Amino acid sequence: MKIKRLLLVGSASVHTWRYLEGIAAHVDEIWLATNAEVPEGRRPANLAGVLRVDFRFSSFSAVGKLRGWMKSVKPDVVHIHQANSVAWHATRAARGLNIPLMLTTWGSDVLLLPEGNPLMAQMVKSNLASADLITSDSLYMAAKIRELAGSSKRIAILNYGMDALPEAAPSATKAKRVLSCRLHKKLYRIDTILRAWAGVEASGRYPHWRLTVAASGDQSEALQELAATLKLERVDFTGFVPAAELAALYRDSRVFVSVPKSDATSISLLEAMGHGCLPLLSNLPANLEWVIDGLNGRIAEDLGRLDAALMQAMDAATDNEQLDEIATLNRKLVSKKALHRDNMAQFAALYGELLHSPESHLKS
C-alpha cells in the first residue's frame, strides 16, 4: 500500500535526484527539501512541492523552515539522506512532531565525518539516535553505525542499485580498455591509477590497451598535468559523460579500476559488474562484500604496487572465456541484490513498516 505523503530531505546531488525519481512510483505525493533547484527532467509528476533550505552547519534558518514545512505538509514519513548537517537540521526540526524518521547513510557521513573530530562524531551520533530506522548500503557501514548508535538501533541493508541490467554481451566484443570513472577528488586517488598506468606502459607488454579516465572534479586539471608529466601515451580523459555514454564505456571496457581511501557500496562498481567488467578495487570492507579476490575480480592490497595488480587484472581480462565467467557471476549478484527498481520497492516497504510501527510514534 502506498503512503500518501513522503517528505524527502537531501542535498542537491545526482543521488538525491535519482532516489526522487525512483521512489515516485511508490508514494502518492513527494515533498522535497533541498538546497538547489531540481534539474529539468528530473521532477516526477507527483512532486508536490520543493523547499529551498541552507543545509550548512552555520545556517540559523534551516531548523525553523523545515519545522514549519513539516507542520504544514504533515508527511506520513520523513526520509533524510546523509547523517551530516542535513540530518542535523532535519532531525531537530522534527523533534516532538511524532513523524516517523528514516535516515539513509551515504558513506563518508558515517565512515569519515566522525573521525578525528569529537564535535562531528557527537553530531553524527545524535543524528543516528534520532532516526527510527537507518539504511546502510553495506554490512561494514552498518557495523560502524552500530558502534555510533548502539545495538538496539534498527538498520536495513539496502542500496540504490543500478538502473537496469543490460543485455549480456560476449567479452570478445570488448576493447582492450581499462576504465576509471570515479570523481576527480583526493578521496578517489585517480593519481594513483595514473602512476600505476605509467608502469603498465613502461612494461611494454600491453601496447594495444588504453586507460580511459572519465568523470571530473576539482583535481581534473592536476590529473591531466600529471599524465603529461608522466608522459603517458594511452590515456583518454573524457570529462563528465552522461549516463548513456558512460554505459557505452562500461560495455566497451574489460577492466574497471576504483581505489578510493574510503567507500561504501559504490554504484559505479555495481554498474561495472552489470556490464561485465572485471573489477580491480582497493582493499576496503565494503568492496569485499561484492568481490572475492581471484574469483569475480581483484583486490589491490598494496597500492604501492597497483601497476602489478593492474597488469594481473588485464591478463585475466584478456581471456574471453574467463571474463565471460566473471561477468556471469557478477551479473547474478547485481540481479539479486542491486537493481534500482527492486530496491526502490524495498525502500517503500520500509515506509509502510515505519508508518505502522507504534515505536515510531512514541518519540519525545
# chains A, B, ... in the order shown; residues from 1 in each chain; ligands from 1
>>> select_by_dssp(residues="segment 27-186 of chain A", states="strand (DSSP E or B)", output="PyMOL selection string")
chain A and resi 27-34+47-52+77-81+101-104+133-136+155-157+162+177-180
>>> closest_atom_pairs(of="segment 38-88 of chain A", to="segment 19-22 of chain A", cutoff="8 Å", atoms="only C-alpha atoms", output="JSON lines")
{"residue": "A:Arg42", "atom": "CA", "partner": "A:Glu21", "partner_atom": "CA", "distance": 6.6}
{"residue": "A:Arg43", "atom": "CA", "partner": "A:Glu21", "partner_atom": "CA", "distance": 7.0}
{"residue": "A:Pro44", "atom": "CA", "partner": "A:Glu21", "partner_atom": "CA", "distance": 5.9}
>>> residues_around(residues="segment 94-101 of chain A", least_positions_apart="2", cutoff="12 Å", atoms="only C-alpha atoms", output="VMD selection string")
chain A and resid 5 to 9 62 to 81 87 to 92 103 to 104 127 to 135 154 350 to 364
>>> closest_residue(among="A:Leu323, A:Leu32, A:Leu111, A:Leu284", to="Lys144 of chain A", atoms="only C-alpha atoms")
A:Leu111
>>> closest_residue(among="A:Val235, A:Ala327, A:Ile299, A:Ile292", to="Arg251 of chain A", atoms="only C-alpha atoms")
A:Ala327
>>> select_by_dssp(residues="segment 13-208 of chain A", states="helix (DSSP H, G or I)", output="ChimeraX atom specification")
/A:14-26,62-73,85-93,108-111,118-130,139-149,171-173,186-188,190-203
>>> atom_distance(atom1="atom CA of Arg331 of chain A", atom2="atom CA of Thr192 of chain A")
28.0 Å
>>> atom_distance(atom1="atom CA of Trp31 of chain A", atom2="atom CA of Asp163 of chain A")
22.9 Å
>>> residues_around(residues="segment 48-56 of chain A", least_positions_apart="2", cutoff="7 Å", atoms="only C-alpha atoms", output="compact mmCIF listing (two decimals) with N, CA and C atoms, in the first residue's frame")
# COMPACT_ATOMS: atom_id res chain seq x y z
N GLU A 29 2.33 11.40 -2.98
CA GLU A 29 2.90 12.74 -3.09
C GLU A 29 4.30 12.76 -2.51
N ILE A 30 5.19 13.51 -3.17
CA ILE A 30 6.54 13.72 -2.66
C ILE A 30 6.74 15.21 -2.41
N TRP A 31 7.26 15.52 -1.25
CA TRP A 31 7.65 16.87 -0.90
C TRP A 31 9.15 16.83 -0.64
N LEU A 32 9.87 17.76 -1.24
CA LEU A 32 11.34 17.70 -1.21
C LEU A 32 11.92 18.97 -0.59
N ALA A 33 12.78 18.78 0.40
CA ALA A 33 13.56 19.89 0.95
C ALA A 33 15.00 19.69 0.51
N THR A 34 15.54 20.66 -0.20
CA THR A 34 16.89 20.55 -0.73
C THR A 34 17.51 21.94 -0.83
N ASN A 35 18.76 22.01 -1.26
CA ASN A 35 19.46 23.29 -1.25
C ASN A 35 19.72 23.86 -2.64
N ALA A 36 19.05 23.33 -3.65
CA ALA A 36 19.20 23.87 -5.01
C ALA A 36 17.99 23.46 -5.83
N ASN A 46 4.42 13.61 -9.46
CA ASN A 46 3.81 13.72 -8.13
C ASN A 46 4.69 14.46 -7.13
N SER A 58 26.32 26.38 9.68
CA SER A 58 26.16 27.73 10.22
C SER A 58 24.77 28.31 9.99
N SER A 59 23.90 27.59 9.28
CA SER A 59 22.58 28.13 8.95
C SER A 59 21.71 28.26 10.21
N ALA A 62 17.57 27.02 8.94
CA ALA A 62 17.19 25.70 8.43
C ALA A 62 16.17 25.00 9.31
N SER A 85 25.20 17.48 8.17
CA SER A 85 24.44 18.67 8.56
C SER A 85 23.00 18.62 8.07
N VAL A 86 22.74 17.89 6.99
CA VAL A 86 21.35 17.73 6.51
C VAL A 86 20.51 17.11 7.61
>>> closest_residue(among="A:Ile157, A:Ala222, A:Val291, A:Leu310", to="Trp209 of chain A", atoms="only C-alpha atoms")
A:Leu310
>>> closest_residue(among="A:Asp252, A:Glu225, A:Asp263, A:Glu167", to="Met141 of chain A", atoms="only C-alpha atoms")
A:Asp263
>>> closest_residue(among="A:Ala172, A:Leu183, A:Val178, A:Leu303", to="Tyr206 of chain A", atoms="only C-alpha atoms")
A:Val178
>>> closest_residue(among="A:Met123, A:Ile193, A:Ile145, A:Ala24", to="Trp106 of chain A", atoms="only C-alpha atoms")
A:Ile145
>>> residues_around(residues="Asn159 of chain A", least_positions_apart="5", cutoff="8 Å", atoms="only C-alpha atoms", output="PyMOL selection string")
chain A and resi 136-138+265+338+343
>>> write_last_selection(atoms="all heavy atoms", output="PDB file, in the first residue's frame")
ATOM      1  N   SER A 136      21.669   1.393   5.381  1.00  0.00           N
ATOM      2  CA  SER A 136      23.090   1.363   5.034  1.00  0.00           C
ATOM      3  C   SER A 136      23.242   0.507   3.790  1.00  0.00           C
ATOM      4  O   SER A 136      22.540  -0.495   3.639  1.00  0.00           O
ATOM      5  CB  SER A 136      23.891   0.758   6.191  1.00  0.00           C
ATOM      6  OG  SER A 136      25.203   0.406   5.784  1.00  0.00           O
ATOM      7  N   ASP A 137      24.156   0.887   2.904  1.00  0.00           N
ATOM      8  CA  ASP A 137      24.301   0.083   1.682  1.00  0.00           C
ATOM      9  C   ASP A 137      25.373  -0.995   1.805  1.00  0.00           C
ATOM     10  O   ASP A 137      25.681  -1.676   0.831  1.00  0.00           O
ATOM     11  CB  ASP A 137      24.558   0.972   0.458  1.00  0.00           C
ATOM     12  CG  ASP A 137      25.863   1.744   0.534  1.00  0.00           C
ATOM     13  OD1 ASP A 137      26.740   1.370   1.321  1.00  0.00           O
ATOM     14  OD2 ASP A 137      26.000   2.739  -0.216  1.00  0.00           O
ATOM     15  N   SER A 138      25.943  -1.155   3.003  1.00  0.00           N
ATOM     16  CA  SER A 138      26.921  -2.229   3.200  1.00  0.00           C
ATOM     17  C   SER A 138      26.873  -2.712   4.642  1.00  0.00           C
ATOM     18  O   SER A 138      26.527  -1.962   5.564  1.00  0.00           O
ATOM     19  CB  SER A 138      28.342  -1.756   2.859  1.00  0.00           C
ATOM     20  OG  SER A 138      28.805  -0.812   3.812  1.00  0.00           O
ATOM     21  N   THR A 265      29.059   0.886  -0.588  1.00  0.00           N
ATOM     22  CA  THR A 265      28.762   0.225  -1.852  1.00  0.00           C
ATOM     23  C   THR A 265      28.664   1.272  -2.953  1.00  0.00           C
ATOM     24  O   THR A 265      27.801   2.148  -2.910  1.00  0.00           O
ATOM     25  CB  THR A 265      27.460  -0.575  -1.762  1.00  0.00           C
ATOM     26  OG1 THR A 265      27.639  -1.657  -0.845  1.00  0.00           O
ATOM     27  CG2 THR A 265      27.079  -1.147  -3.122  1.00  0.00           C
ATOM     28  N   ALA A 338      21.006  -5.712  -6.400  1.00  0.00           N
ATOM     29  CA  ALA A 338      21.358  -4.324  -6.703  1.00  0.00           C
ATOM     30  C   ALA A 338      20.685  -3.762  -7.952  1.00  0.00           C
ATOM     31  O   ALA A 338      21.326  -3.104  -8.770  1.00  0.00           O
ATOM     32  CB  ALA A 338      22.885  -4.196  -6.846  1.00  0.00           C
ATOM     33  N   ASN A 343      14.962  -2.341  -5.537  1.00  0.00           N
ATOM     34  CA  ASN A 343      15.364  -1.778  -4.253  1.00  0.00           C
ATOM     35  C   ASN A 343      14.520  -0.576  -3.860  1.00  0.00           C
ATOM     36  O   ASN A 343      14.309  -0.323  -2.668  1.00  0.00           O
ATOM     37  CB  ASN A 343      16.851  -1.439  -4.276  1.00  0.00           C
ATOM     38  CG  ASN A 343      17.714  -2.696  -4.294  1.00  0.00           C
ATOM     39  OD1 ASN A 343      17.201  -3.803  -4.363  1.00  0.00           O
ATOM     40  ND2 ASN A 343      19.017  -2.529  -4.231  1.00  0.00           N
TER      41      ASN A 343
END
>>> residues_around(residues="Arg341 of chain A", least_positions_apart="2", cutoff="10 Å", atoms="only C-alpha atoms", output="list in words")
Gly22, Ile23, Ala25, Tyr160, Gly161, Met162, Asp163, Ala164, Ala338, Leu339, Asn343, Met344, Ala345 and Gln346 of chain A
